[in-house]
>>> print(open('my_file_26.cif').read())   # mmCIF, C-alpha atoms and all ligand atoms
data_coords
loop_
_atom_site.label_atom_id
_atom_site.label_comp_id
_atom_site.auth_asym_id
_atom_site.auth_seq_id
_atom_site.Cartn_x
_atom_site.Cartn_y
_atom_site.Cartn_z
CA MET A 1 77.33 -87.87 -13.19
CA ARG A 2 75.16 -89.60 -15.80
CA TYR A 3 73.62 -93.05 -15.80
CA GLU A 4 72.82 -92.91 -12.08
CA ARG A 5 69.89 -95.31 -12.37
CA ILE A 6 71.92 -97.76 -14.41
CA ARG A 7 74.71 -97.47 -11.83
CA GLU A 8 72.33 -98.57 -9.06
CA VAL A 9 71.40 -101.70 -11.02
CA ASP A 10 74.54 -102.44 -12.97
CA PRO A 11 77.74 -100.54 -12.13
CA ALA A 12 79.82 -102.36 -14.75
CA ILE A 13 77.61 -101.13 -17.57
CA ALA A 14 77.37 -97.62 -16.07
CA ASP A 15 81.18 -97.51 -16.02
CA ALA A 16 81.36 -98.61 -19.65
CA LEU A 17 78.75 -96.01 -20.71
CA ASP A 18 80.54 -93.24 -18.81
CA GLY A 19 83.76 -94.40 -20.41
CA GLU A 20 82.25 -94.31 -23.88
CA ARG A 21 80.86 -90.80 -23.36
CA ALA A 22 84.29 -89.60 -22.24
CA ARG A 23 85.96 -91.45 -25.12
CA GLN A 24 83.72 -89.73 -27.66
CA ASN A 25 84.34 -86.35 -26.02
CA ASP A 26 88.10 -86.76 -25.74
CA THR A 27 88.91 -88.28 -29.16
CA LEU A 28 88.21 -87.31 -32.76
CA ALA A 29 85.68 -89.62 -34.45
CA MET A 30 86.86 -89.81 -38.05
CA ILE A 31 85.34 -93.13 -39.05
CA ALA A 32 83.45 -91.85 -42.09
CA SER A 33 80.23 -93.67 -41.15
CA GLU A 34 80.05 -92.24 -37.61
CA ASN A 35 78.45 -89.09 -36.21
CA HIS A 36 77.11 -87.70 -32.92
CA VAL A 37 73.32 -87.46 -32.58
CA SER A 38 71.64 -84.83 -30.43
CA GLU A 39 70.52 -85.46 -26.85
CA ALA A 40 66.94 -85.21 -28.20
CA VAL A 41 67.52 -88.14 -30.58
CA MET A 42 69.11 -90.17 -27.77
CA GLU A 43 66.16 -89.39 -25.48
CA ALA A 44 63.74 -90.66 -28.13
CA GLN A 45 65.81 -93.82 -28.56
CA SER A 46 65.68 -94.58 -24.85
CA SER A 47 61.93 -93.88 -24.56
CA GLU A 48 59.12 -96.24 -23.48
CA LEU A 49 58.61 -97.19 -27.13
CA THR A 50 61.34 -99.77 -26.56
CA ASN A 51 58.60 -101.73 -24.76
CA LYS A 52 56.09 -101.69 -27.58
CA TYR A 53 55.33 -104.33 -30.17
CA ALA A 54 53.97 -102.75 -33.34
CA GLU A 55 54.22 -105.43 -36.04
CA GLY A 56 52.62 -104.14 -39.21
CA TYR A 57 52.28 -100.55 -40.38
CA PRO A 58 50.38 -97.47 -39.09
CA GLY A 59 46.66 -98.22 -38.99
CA GLU A 60 47.27 -101.93 -39.78
CA ARG A 61 49.02 -103.43 -36.75
CA TYR A 62 48.89 -106.98 -35.47
CA TYR A 63 48.79 -105.73 -31.85
CA GLY A 64 46.65 -103.31 -29.88
CA GLY A 65 47.80 -100.19 -28.08
CA CYS A 66 49.59 -98.79 -31.11
CA GLU A 67 48.09 -95.28 -31.26
CA TYR A 68 51.34 -93.56 -30.24
CA ALA A 69 53.52 -95.93 -32.24
CA ASP A 70 51.34 -95.10 -35.24
CA ALA A 71 51.68 -91.37 -34.59
CA VAL A 72 55.47 -91.62 -34.35
CA GLU A 73 55.86 -93.75 -37.48
CA ARG A 74 53.51 -91.54 -39.52
CA VAL A 75 55.51 -88.44 -38.55
CA ALA A 76 58.82 -90.18 -39.37
CA ILE A 77 57.45 -91.12 -42.81
CA GLU A 78 56.11 -87.61 -43.47
CA ARG A 79 59.43 -86.02 -42.56
CA ALA A 80 61.44 -88.51 -44.61
CA THR A 81 59.16 -87.83 -47.58
CA GLU A 82 59.81 -84.11 -47.16
CA LEU A 83 63.58 -84.63 -46.82
CA TRP A 84 64.16 -86.92 -49.80
CA GLY A 85 61.00 -86.49 -51.89
CA ALA A 86 60.23 -90.18 -52.49
CA ASP A 87 56.69 -91.43 -53.21
CA HIS A 88 56.97 -94.18 -50.63
CA VAL A 89 59.18 -94.52 -47.56
CA ASN A 90 59.64 -97.45 -45.20
CA VAL A 91 61.30 -96.34 -41.95
CA GLN A 92 61.35 -99.74 -40.25
CA PRO A 93 64.63 -101.37 -41.40
CA HIS A 94 66.83 -101.92 -38.36
CA SER A 95 69.90 -100.85 -40.36
CA GLY A 96 71.19 -100.00 -43.82
CA SER A 97 72.08 -103.64 -44.44
CA GLN A 98 68.54 -104.72 -43.57
CA ALA A 99 67.19 -102.06 -45.90
CA ASN A 100 69.19 -103.67 -48.71
CA MET A 101 67.93 -107.09 -47.64
CA GLY A 102 64.38 -105.73 -47.88
CA VAL A 103 64.92 -104.66 -51.49
CA TYR A 104 66.53 -107.98 -52.49
CA LEU A 105 63.76 -109.99 -50.83
CA ALA A 106 61.10 -107.88 -52.51
CA MET A 107 62.51 -107.95 -56.04
CA LEU A 108 64.79 -110.99 -56.44
CA GLU A 109 64.44 -114.77 -56.36
CA PRO A 110 67.24 -116.96 -54.96
CA GLY A 111 69.85 -117.42 -57.70
CA ASP A 112 69.07 -114.05 -59.34
CA LYS A 113 71.99 -111.88 -60.38
CA ILE A 114 73.45 -108.82 -58.63
CA LEU A 115 76.01 -106.51 -60.23
CA SER A 116 77.76 -104.36 -57.61
CA LEU A 117 81.05 -102.58 -56.91
CA ASP A 118 83.95 -104.72 -55.69
CA LEU A 119 84.43 -104.42 -51.90
CA THR A 120 88.10 -103.46 -52.25
CA HIS A 121 87.08 -100.69 -54.65
CA GLY A 122 84.66 -99.16 -52.13
CA GLY A 123 81.59 -101.43 -52.21
CA HIS A 124 79.78 -102.89 -49.19
CA LEU A 125 79.38 -106.40 -47.76
CA SER A 126 75.60 -106.25 -48.18
CA HIS A 127 76.03 -105.79 -51.94
CA GLY A 128 76.83 -109.47 -52.39
CA HIS A 129 80.03 -110.39 -50.54
CA PRO A 130 80.26 -114.17 -49.93
CA ALA A 131 80.30 -113.54 -46.16
CA ASN A 132 76.91 -111.79 -46.37
CA PHE A 133 73.54 -113.44 -46.99
CA ALA A 134 73.32 -111.59 -50.33
CA GLY A 135 76.45 -113.36 -51.58
CA GLN A 136 75.10 -116.72 -50.46
CA VAL A 137 71.60 -116.45 -51.88
CA TYR A 138 72.24 -114.60 -55.15
CA GLU A 139 74.79 -114.80 -57.95
CA VAL A 140 77.12 -111.84 -57.87
CA GLU A 141 79.51 -110.16 -60.30
CA GLN A 142 81.33 -106.96 -59.58
CA TYR A 143 82.31 -103.80 -61.39
CA GLU A 144 85.31 -101.67 -60.48
CA VAL A 145 86.65 -98.17 -60.36
CA ASP A 146 88.95 -97.06 -63.16
CA PRO A 147 92.47 -97.74 -61.82
CA ALA A 148 93.81 -94.62 -63.56
CA THR A 149 91.28 -92.16 -62.09
CA GLY A 150 89.74 -93.84 -59.04
CA TYR A 151 86.28 -92.89 -60.40
CA VAL A 152 83.61 -95.53 -61.08
CA ASP A 153 84.29 -97.03 -64.49
CA TYR A 154 80.83 -96.20 -65.85
CA GLU A 155 81.55 -97.49 -69.34
CA GLY A 156 82.93 -100.74 -67.91
CA LEU A 157 79.82 -101.04 -65.77
CA ARG A 158 77.55 -100.49 -68.78
CA LYS A 159 79.32 -103.19 -70.81
CA HIS A 160 79.42 -105.56 -67.84
CA ALA A 161 75.67 -105.12 -67.33
CA GLU A 162 75.02 -105.71 -71.03
CA GLN A 163 76.93 -109.01 -70.97
CA TYR A 164 75.99 -110.30 -67.52
CA GLU A 165 72.29 -109.32 -67.69
CA PRO A 166 71.91 -108.81 -63.93
CA ASP A 167 68.53 -108.61 -62.23
CA ILE A 168 69.71 -105.68 -60.13
CA VAL A 169 72.58 -103.21 -60.36
CA VAL A 170 73.70 -101.76 -57.03
CA SER A 171 75.26 -98.31 -56.75
CA GLY A 172 76.19 -96.33 -53.64
CA TYR A 173 79.36 -97.10 -51.71
CA SER A 174 81.27 -97.33 -48.42
CA ALA A 175 84.59 -95.84 -49.38
CA TYR A 176 84.08 -93.77 -52.50
CA PRO A 177 85.03 -90.08 -52.30
CA ARG A 178 83.37 -88.85 -55.50
CA GLU A 179 79.91 -87.75 -56.60
CA VAL A 180 78.00 -90.74 -58.01
CA ASP A 181 76.34 -90.38 -61.42
CA PHE A 182 73.11 -92.21 -60.59
CA GLU A 183 71.49 -91.32 -63.92
CA ARG A 184 74.26 -93.01 -65.84
CA ILE A 185 73.96 -96.16 -63.72
CA GLN A 186 70.17 -96.14 -64.11
CA ALA A 187 70.61 -95.94 -67.89
CA ALA A 188 72.99 -98.95 -67.80
CA ALA A 189 70.53 -100.89 -65.62
CA ASP A 190 67.59 -99.98 -67.89
CA ALA A 191 69.50 -101.08 -70.98
CA ALA A 192 70.23 -104.44 -69.31
CA GLY A 193 66.62 -104.86 -68.12
CA ALA A 194 67.74 -104.69 -64.47
CA TYR A 195 66.49 -102.83 -61.43
CA HIS A 196 68.78 -100.22 -59.94
CA LEU A 197 69.27 -100.01 -56.18
CA ALA A 198 71.06 -96.83 -55.08
CA ASP A 199 72.40 -97.42 -51.57
CA ILE A 200 73.07 -93.94 -50.18
CA ALA A 201 73.94 -95.22 -46.67
CA HIS A 202 76.95 -92.89 -46.43
CA ILE A 203 75.53 -89.82 -48.13
CA THR A 204 71.92 -89.85 -46.89
CA GLY A 205 72.41 -86.48 -45.17
CA LEU A 206 74.31 -84.92 -48.07
CA VAL A 207 71.49 -85.92 -50.43
CA ALA A 208 68.81 -84.62 -48.03
CA ALA A 209 70.62 -81.29 -47.84
CA GLY A 210 71.03 -81.03 -51.62
CA VAL A 211 74.81 -81.23 -51.36
CA HIS A 212 74.98 -84.44 -53.43
CA GLU A 213 72.87 -85.33 -56.47
CA SER A 214 69.80 -87.33 -55.41
CA PRO A 215 69.00 -90.77 -56.80
CA VAL A 216 65.38 -90.42 -55.65
CA GLY A 217 63.19 -90.33 -58.76
CA VAL A 218 66.10 -91.78 -60.77
CA ALA A 219 66.92 -95.19 -59.25
CA ASP A 220 64.16 -97.77 -58.78
CA PHE A 221 65.07 -98.19 -55.10
CA VAL A 222 67.00 -96.03 -52.68
CA THR A 223 68.23 -97.35 -49.34
CA GLY A 224 70.15 -95.65 -46.57
CA SER A 225 71.39 -95.62 -43.02
CA THR A 226 70.03 -92.96 -40.69
CA HIS A 227 73.11 -92.48 -38.50
CA LYS A 228 75.94 -91.44 -40.82
CA THR A 229 75.74 -88.06 -42.56
CA ILE A 230 72.22 -87.62 -41.16
CA ARG A 231 72.03 -87.64 -37.37
CA ALA A 232 68.82 -89.60 -36.78
CA GLY A 233 70.18 -92.51 -34.75
CA ARG A 234 71.00 -96.05 -35.79
CA GLY A 235 68.69 -97.49 -38.40
CA GLY A 236 67.81 -97.89 -42.05
CA ILE A 237 65.31 -96.59 -44.57
CA ILE A 238 63.96 -97.65 -47.99
CA MET A 239 62.49 -95.32 -50.62
CA CYS A 240 60.72 -96.24 -53.84
CA ASP A 241 57.88 -95.41 -56.21
CA ASP A 242 54.33 -96.26 -55.15
CA GLU A 243 54.21 -99.22 -57.56
CA TYR A 244 56.72 -101.11 -55.37
CA ALA A 245 55.38 -99.95 -52.00
CA ASP A 246 53.47 -103.10 -51.05
CA ASP A 247 56.30 -105.42 -52.13
CA ILE A 248 58.85 -103.46 -50.13
CA ASP A 249 56.67 -103.20 -47.04
CA SER A 250 55.96 -106.92 -46.93
CA ALA A 251 59.63 -107.74 -47.58
CA VAL A 252 60.64 -105.69 -44.51
CA PHE A 253 57.82 -107.08 -42.36
CA PRO A 254 57.16 -109.99 -42.23
CA GLY A 255 59.85 -110.88 -44.81
CA ALA A 256 63.03 -109.83 -43.04
CA GLN A 257 62.08 -108.48 -39.63
CA GLY A 258 59.61 -108.85 -36.77
CA GLY A 259 58.47 -105.94 -34.65
CA PRO A 260 59.98 -102.59 -35.65
CA LEU A 261 62.33 -100.91 -33.15
CA MET A 262 59.81 -98.17 -32.43
CA HIS A 263 62.16 -96.29 -30.10
CA ASN A 264 64.58 -96.00 -33.03
CA VAL A 265 61.76 -94.98 -35.35
CA ALA A 266 61.11 -92.16 -32.83
CA GLY A 267 64.84 -91.29 -32.99
CA LYS A 268 64.60 -91.16 -36.76
CA ALA A 269 61.57 -88.83 -36.56
CA VAL A 270 63.41 -86.42 -34.25
CA GLY A 271 66.62 -86.54 -36.31
CA PHE A 272 64.65 -85.94 -39.52
CA LYS A 273 63.01 -82.87 -37.91
CA GLU A 274 66.45 -81.52 -37.07
CA ALA A 275 67.56 -82.19 -40.65
CA LEU A 276 64.61 -80.19 -41.99
CA GLU A 277 65.93 -77.06 -40.22
CA PRO A 278 67.91 -74.66 -42.42
CA GLU A 279 71.08 -75.19 -40.29
CA PHE A 280 71.29 -78.74 -41.54
CA GLU A 281 72.14 -77.66 -45.08
CA ALA A 282 74.94 -75.50 -43.67
CA TYR A 283 76.15 -78.50 -41.67
CA ALA A 284 76.21 -80.74 -44.74
CA ARG A 285 78.07 -78.13 -46.81
CA GLN A 286 80.60 -77.63 -44.02
CA THR A 287 81.09 -81.41 -43.79
CA VAL A 288 82.12 -81.49 -47.45
CA ASP A 289 84.23 -78.29 -47.21
CA ASN A 290 86.01 -79.85 -44.25
CA ALA A 291 86.73 -83.08 -46.14
CA VAL A 292 88.12 -81.07 -49.05
CA ALA A 293 90.37 -79.06 -46.69
CA LEU A 294 91.52 -82.26 -44.96
CA GLY A 295 92.28 -83.93 -48.29
CA ASP A 296 94.05 -80.91 -49.78
CA ARG A 297 96.34 -80.67 -46.78
CA LEU A 298 97.14 -84.40 -46.82
CA GLN A 299 98.08 -84.02 -50.48
CA GLU A 300 100.26 -81.01 -49.68
CA HIS A 301 102.14 -83.35 -47.36
CA GLY A 302 102.71 -85.70 -50.30
CA LEU A 303 100.07 -88.34 -49.48
CA ASP A 304 98.15 -89.95 -52.31
CA LEU A 305 94.34 -89.69 -52.32
CA VAL A 306 92.33 -92.22 -54.30
CA SER A 307 90.73 -90.21 -57.17
CA GLY A 308 92.94 -87.24 -56.28
CA GLY A 309 90.49 -85.64 -53.83
CA THR A 310 86.91 -85.71 -52.64
CA ASP A 311 83.42 -84.41 -53.44
CA ASN A 312 81.82 -85.73 -50.28
CA HIS A 313 82.45 -86.35 -46.58
CA LEU A 314 85.42 -88.72 -46.81
CA VAL A 315 88.93 -89.12 -48.13
CA LEU A 316 90.67 -92.38 -48.94
CA VAL A 317 94.44 -92.34 -48.63
CA ASP A 318 96.52 -94.89 -50.54
CA LEU A 319 99.72 -95.20 -48.50
CA ARG A 320 101.61 -97.28 -51.06
CA PRO A 321 103.08 -94.54 -53.27
CA SER A 322 104.39 -92.37 -50.41
CA HIS A 323 104.92 -94.95 -47.62
CA PRO A 324 105.25 -98.41 -49.19
CA ASP A 325 106.34 -100.07 -45.93
CA THR A 326 103.53 -98.64 -43.80
CA THR A 327 100.13 -100.35 -43.66
CA GLY A 328 96.73 -98.85 -42.92
CA LYS A 329 96.65 -100.83 -39.68
CA ASP A 330 99.97 -99.27 -38.55
CA VAL A 331 98.49 -95.82 -39.07
CA GLU A 332 95.10 -96.70 -37.56
CA GLU A 333 96.83 -97.95 -34.40
CA GLY A 334 99.21 -95.00 -34.10
CA LEU A 335 96.38 -92.54 -34.59
CA GLU A 336 94.11 -94.28 -32.10
CA ALA A 337 96.88 -94.04 -29.49
CA ALA A 338 96.95 -90.30 -30.22
CA GLY A 339 93.15 -89.92 -29.99
CA ILE A 340 92.20 -89.87 -33.67
CA VAL A 341 89.89 -92.76 -34.47
CA LEU A 342 89.63 -93.75 -38.14
CA ASN A 343 89.92 -97.03 -39.99
CA ALA A 344 92.38 -98.88 -42.15
CA ASN A 345 90.75 -99.48 -45.51
CA THR A 346 91.36 -101.40 -48.71
CA VAL A 347 92.16 -99.32 -51.77
CA PRO A 348 91.52 -100.08 -55.45
CA GLY A 349 94.11 -102.57 -56.68
CA GLU A 350 94.75 -103.69 -53.09
CA THR A 351 97.91 -105.75 -52.69
CA ARG A 352 97.58 -106.57 -48.97
CA SER A 353 94.81 -108.26 -46.97
CA ALA A 354 91.45 -106.74 -46.00
CA PHE A 355 92.56 -107.01 -42.35
CA ASN A 356 95.82 -105.17 -42.90
CA PRO A 357 95.20 -103.10 -46.01
CA SER A 358 97.14 -100.32 -47.72
CA GLY A 359 94.89 -97.36 -47.04
CA ILE A 360 93.10 -95.29 -44.45
CA ARG A 361 89.63 -93.79 -44.73
CA ALA A 362 88.86 -90.54 -42.90
CA GLY A 363 85.54 -88.74 -42.65
CA THR A 364 84.41 -85.35 -41.38
CA PRO A 365 80.70 -85.78 -40.41
CA ALA A 366 81.37 -86.15 -36.67
CA LEU A 367 84.07 -83.45 -36.50
CA THR A 368 81.72 -81.05 -38.27
CA THR A 369 78.98 -81.81 -35.74
CA ARG A 370 81.31 -80.70 -32.97
CA GLY A 371 82.08 -77.43 -34.79
CA PHE A 372 85.27 -78.10 -36.75
CA ASP A 373 85.95 -75.74 -39.64
CA GLU A 374 88.49 -75.99 -42.48
CA ASP A 375 91.38 -74.61 -40.36
CA ALA A 376 90.77 -77.18 -37.65
CA CYS A 377 90.58 -79.93 -40.28
CA ARG A 378 93.89 -78.80 -41.75
CA GLU A 379 95.40 -79.15 -38.28
CA VAL A 380 93.96 -82.66 -38.05
CA ALA A 381 95.55 -83.43 -41.44
CA ASP A 382 98.91 -82.27 -40.05
CA CYS A 383 98.42 -84.60 -37.08
CA ILE A 384 97.51 -87.54 -39.34
CA TYR A 385 100.57 -86.90 -41.48
CA GLU A 386 102.92 -86.88 -38.47
CA VAL A 387 101.64 -90.30 -37.42
CA VAL A 388 101.82 -91.67 -40.99
CA GLU A 389 105.49 -90.71 -40.97
CA ALA A 390 106.20 -92.50 -37.68
CA PRO A 391 103.23 -94.61 -36.51
CA HIS A 392 105.18 -96.44 -33.82
CA ASP A 393 107.21 -93.51 -32.47
CA GLU A 394 105.99 -92.81 -28.92
CA ASP A 395 107.23 -89.21 -28.88
CA VAL A 396 105.41 -88.41 -32.11
CA VAL A 397 102.23 -90.06 -30.86
CA GLU A 398 102.45 -88.15 -27.56
CA GLY A 399 102.97 -84.84 -29.37
CA VAL A 400 99.93 -85.48 -31.58
CA ALA A 401 97.88 -86.54 -28.52
CA ASP A 402 98.58 -83.10 -26.96
CA ARG A 403 97.32 -81.38 -30.09
CA VAL A 404 94.21 -83.61 -30.11
CA ASP A 405 93.59 -82.69 -26.45
CA ARG A 406 93.64 -79.01 -27.34
CA LEU A 407 91.24 -79.57 -30.25
CA THR A 408 88.79 -81.68 -28.23
CA ASP A 409 88.80 -79.02 -25.47
CA GLU A 410 88.17 -76.23 -27.98
CA PHE A 411 85.41 -78.20 -29.75
CA ALA A 412 83.94 -79.96 -26.73
CA LEU A 413 81.10 -82.37 -27.38
CA TYR A 414 79.80 -82.73 -23.84
CA ASP A 415 80.18 -80.56 -20.68
C1 LIG B 501 77.16 -98.47 -48.72
C2 LIG B 501 76.72 -99.05 -47.41
N1 LIG B 501 75.58 -99.76 -47.37
C3 LIG B 501 75.14 -100.30 -46.23
C4 LIG B 501 75.83 -100.12 -45.05
C5 LIG B 501 75.32 -100.81 -43.84
O1 LIG B 501 74.78 -99.96 -42.95
P1 LIG B 501 74.39 -100.50 -41.51
O2 LIG B 501 75.64 -100.56 -40.72
O3 LIG B 501 73.40 -99.46 -41.07
O4 LIG B 501 73.79 -101.85 -41.68
C6 LIG B 501 77.01 -99.39 -45.04
C7 LIG B 501 77.75 -99.21 -43.78
O5 LIG B 501 78.70 -98.55 -43.64
C8 LIG B 501 77.47 -98.84 -46.25
O6 LIG B 501 78.60 -98.15 -46.30
#
>>> encode(input="my_file_26.cif", output="structure tokens")
Amino acid sequence: MRYERIREVDPAIADALDGERARQNDTLAMIASENHVSEAVMEAQSSELTNKYAEGYPGERYYGGCEYADAVERVAIERATELWGADHVNVQPHSGSQANMGVYLAMLEPGDKILSLDLTHGGHLSHGHPANFAGQVYEVEQYEVDPATGYVDYEGLRKHAEQYEPDIVVSGYSAYPREVDFERIQAAADAAGAYHLADIAHITGLVAAGVHESPVGVADFVTGSTHKTIRAGRGGIIMCDDEYADDIDSAVFPGAQGGPLMHNVAGKAVGFKEALEPEFEAYARQTVDNAVALGDRLQEHGLDLVSGGTDNHLVLVDLRPSHPDTTGKDVEEGLEAAGIVLNANTVPGETRSAFNPSGIRAGTPALTTRGFDEDACREVADCIYEVVEAPHDEDVVEGVADRVDRLTDEFALYD
């Protein structure tokens, strides 16, 4: 039994935590932005550093007693520098969104112009959606993917940047299955006199492992999450050249945040150490191989993948051509009942609402962590297809749930 001390104080929360551990063990996490960190990362995140205020940066804190906080943050920075090769790294952002906020605050004035990918084409809220602070403080225009290919319309982006003259072009996406040509986007940003922010939230681990082209040394700013394809616990990171280091650091603190979550910075340090081991590259490669196997099998079943496949850790299925009367939400709900947890997603040229869109997004980072190979991912694709065919059929859902049970037993996450 885990969480014994919590149980003594707060049985309701202990029950919920036990339930969540069992849920993660007994279902397949296929939300493309999720993963399972090691027990070592979780131990770091629940350490005494949760008690410590450490406003400022190593060696320059506003509070005393920071010698161990300094040691932890210095190590996290060193390891991040080794992983991604940037001149300057800030490991304090509480999340990927806050990392983006740090870059905007450092480089833009209210009313300045952002050019980013449309949300329904795979962009992210923090790239200037009206519901996010970035959409409220800055002017935003959006580029799109080419409807014929599903790939970023690089030429359209270049022309758009030339006409709109943005202050910053944002690349890096939430639901984009293809390799991103960061150099081409940097060239378009340079020609328009704009900065380029490459948000690699989803592919941070793939870039660290050399499995995806790196924007570090190409884009002016690189941001990321530390809990998606890299297993360093929830958080964010910003990377840039030395010339922007002071601006970025003061935008994160005191600009956007107060005291850093030092327990999470410790989690990042531990997760980065794990990612520096040679096995991590094999993990990242397997993650991509698994997504390719998953996507190929879904296509063999007649499902339509945006862009016709994947180069990374996720596939995006457009249900409209094969199943025009089935929504992403129908499939998400049927699959969740069967123990496969993924999300309904908008697709380029979306004709439904963001809440009940026409696609599903499926990722392999978490399955790969628990040992799935291509064969196992093909079986998962078969399961997904069965539910797409009949999302509300209880017998189908029950049959798939049995197969999921066998897979979660074979690839157990926890004892
Ligand atoms: C491209 C992109 N940027 C930023 C984020 C935000 O990350 P976080 O949830 O860590 O704030 C996400 C989340 O999925 C994302 O996909």
>>> closest_residue(input="my_file_26.cif", among="A:Asp199, A:Ile77, A:Glu141, A:Glu39", to="ligand LIG 501 (chain B)", atoms="all atoms listed in the file")
A:Asp199
>>> residues_around(input="my_file_26.cif", residues="segment 80-97 of chain A", least_positions_apart="3", cutoff="6 Å", atoms="all atoms listed in the file", output="list in words")
Ile77, Asn100, Ser126, Ala208, Gly224, Ser225, Gly235, Gly236, Ile237, Ile238, Met239, Cys240, Asp241, Asp242 and Pro260 of chain A
>>> closest_atom_pairs(input="my_file_26.cif", of="chain A", to="ligand LIG 501 (chain B)", cutoff="10 Å", atoms="only C-alpha atoms and all ligand atoms", output="JSON lines")
{"residue": "A:Ile31", "atom": "CA", "partner": "B:LIG501", "partner_atom": "O5", "distance": 9.7}
{"residue": "A:Ala32", "atom": "CA", "partner": "B:LIG501", "partner_atom": "O5", "distance": 8.4}
{"residue": "A:Ser33", "atom": "CA", "partner": "B:LIG501", "partner_atom": "O5", "distance": 5.7}
{"residue": "A:Glu34", "atom": "CA", "partner": "B:LIG501", "partner_atom": "O5", "distance": 8.8}
{"residue": "A:Pro93", "atom": "CA", "partner": "B:LIG501", "partner_atom": "O3", "distance": 9.0}
{"residue": "A:His94", "atom": "CA", "partner": "B:LIG501", "partner_atom": "O3", "distance": 7.5}
{"residue": "A:Ser95", "atom": "CA", "partner": "B:LIG501", "partner_atom": "O3", "distance": 3.8}
{"residue": "A:Gly96", "atom": "CA", "partner": "B:LIG501", "partner_atom": "O3", "distance": 3.6}
{"residue": "A:Ser97", "atom": "CA", "partner": "B:LIG501", "partner_atom": "O4", "distance": 3.7}
{"residue": "A:Gln98", "atom": "CA", "partner": "B:LIG501", "partner_atom": "O4", "distance": 6.3}
{"residue": "A:Ala99", "atom": "CA", "partner": "B:LIG501", "partner_atom": "O4", "distance": 7.8}
{"residue": "A:Asn100", "atom": "CA", "partner": "B:LIG501", "partner_atom": "C3", "distance": 7.3}
{"residue": "A:Met101", "atom": "CA", "partner": "B:LIG501", "partner_atom": "O4", "distance": 9.9}
{"residue": "A:Leu117", "atom": "CA", "partner": "B:LIG501", "partner_atom": "C1", "distance": 10.0}
{"residue": "A:Leu119", "atom": "CA", "partner": "B:LIG501", "partner_atom": "C1", "distance": 9.9}
{"residue": "A:Gly122", "atom": "CA", "partner": "B:LIG501", "partner_atom": "C1", "distance": 8.3}
{"residue": "A:Gly123", "atom": "CA", "partner": "B:LIG501", "partner_atom": "C1", "distance": 6.4}
{"residue": "A:His124", "atom": "CA", "partner": "B:LIG501", "partner_atom": "C1", "distance": 5.2}
{"residue": "A:Leu125", "atom": "CA", "partner": "B:LIG501", "partner_atom": "C3", "distance": 7.6}
{"residue": "A:Ser126", "atom": "CA", "partner": "B:LIG501", "partner_atom": "C3", "distance": 6.3}
{"residue": "A:His127", "atom": "CA", "partner": "B:LIG501", "partner_atom": "N1", "distance": 7.6}
{"residue": "A:Val170", "atom": "CA", "partner": "B:LIG501", "partner_atom": "C1", "distance": 9.6}
{"residue": "A:Ser171", "atom": "CA", "partner": "B:LIG501", "partner_atom": "C1", "distance": 8.3}
{"residue": "A:Gly172", "atom": "CA", "partner": "B:LIG501", "partner_atom": "C1", "distance": 5.5}
{"residue": "A:Tyr173", "atom": "CA", "partner": "B:LIG501", "partner_atom": "C1", "distance": 4.0}
{"residue": "A:Ser174", "atom": "CA", "partner": "B:LIG501", "partner_atom": "O6", "distance": 3.5}
{"residue": "A:Ala175", "atom": "CA", "partner": "B:LIG501", "partner_atom": "O6", "distance": 7.1}
{"residue": "A:Tyr176", "atom": "CA", "partner": "B:LIG501", "partner_atom": "C1", "distance": 9.2}
{"residue": "A:Ala198", "atom": "CA", "partner": "B:LIG501", "partner_atom": "C1", "distance": 9.0}
{"residue": "A:Asp199", "atom": "CA", "partner": "B:LIG501", "partner_atom": "C1", "distance": 5.6}
{"residue": "A:Ile200", "atom": "CA", "partner": "B:LIG501", "partner_atom": "C1", "distance": 6.3}
{"residue": "A:Ala201", "atom": "CA", "partner": "B:LIG501", "partner_atom": "C2", "distance": 4.8}
{"residue": "A:His202", "atom": "CA", "partner": "B:LIG501", "partner_atom": "O6", "distance": 5.5}
{"residue": "A:Ile203", "atom": "CA", "partner": "B:LIG501", "partner_atom": "C1", "distance": 8.8}
{"residue": "A:Thr223", "atom": "CA", "partner": "B:LIG501", "partner_atom": "N1", "distance": 8.0}
{"residue": "A:Gly224", "atom": "CA", "partner": "B:LIG501", "partner_atom": "C3", "distance": 6.8}
{"residue": "A:Ser225", "atom": "CA", "partner": "B:LIG501", "partner_atom": "O3", "distance": 4.8}
{"residue": "A:Thr226", "atom": "CA", "partner": "B:LIG501", "partner_atom": "O3", "distance": 7.3}
{"residue": "A:His227", "atom": "CA", "partner": "B:LIG501", "partner_atom": "O3", "distance": 7.4}
{"residue": "A:Lys228", "atom": "CA", "partner": "B:LIG501", "partner_atom": "O5", "distance": 8.1}
{"residue": "A:Gly233", "atom": "CA", "partner": "B:LIG501", "partner_atom": "O3", "distance": 9.9}
{"residue": "A:Arg234", "atom": "CA", "partner": "B:LIG501", "partner_atom": "O3", "distance": 6.7}
{"residue": "A:Gly235", "atom": "CA", "partner": "B:LIG501", "partner_atom": "O3", "distance": 5.8}
{"residue": "A:Gly236", "atom": "CA", "partner": "B:LIG501", "partner_atom": "O3", "distance": 5.9}
{"residue": "A:Ile237", "atom": "CA", "partner": "B:LIG501", "partner_atom": "O3", "distance": 9.3}
>>> closest_residue(input="my_file_26.cif", among="A:Gly267, A:Thr204, A:Leu342, A:Glu55", to="Ala284 of chain A", atoms="all atoms listed in the file")
A:Thr204
>>> closest_residue(input="my_file_26.cif", among="A:Val180, A:Val380, A:Ile230, A:Leu314", to="Arg361 of chain A", atoms="only C-alpha atoms")
A:Leu314
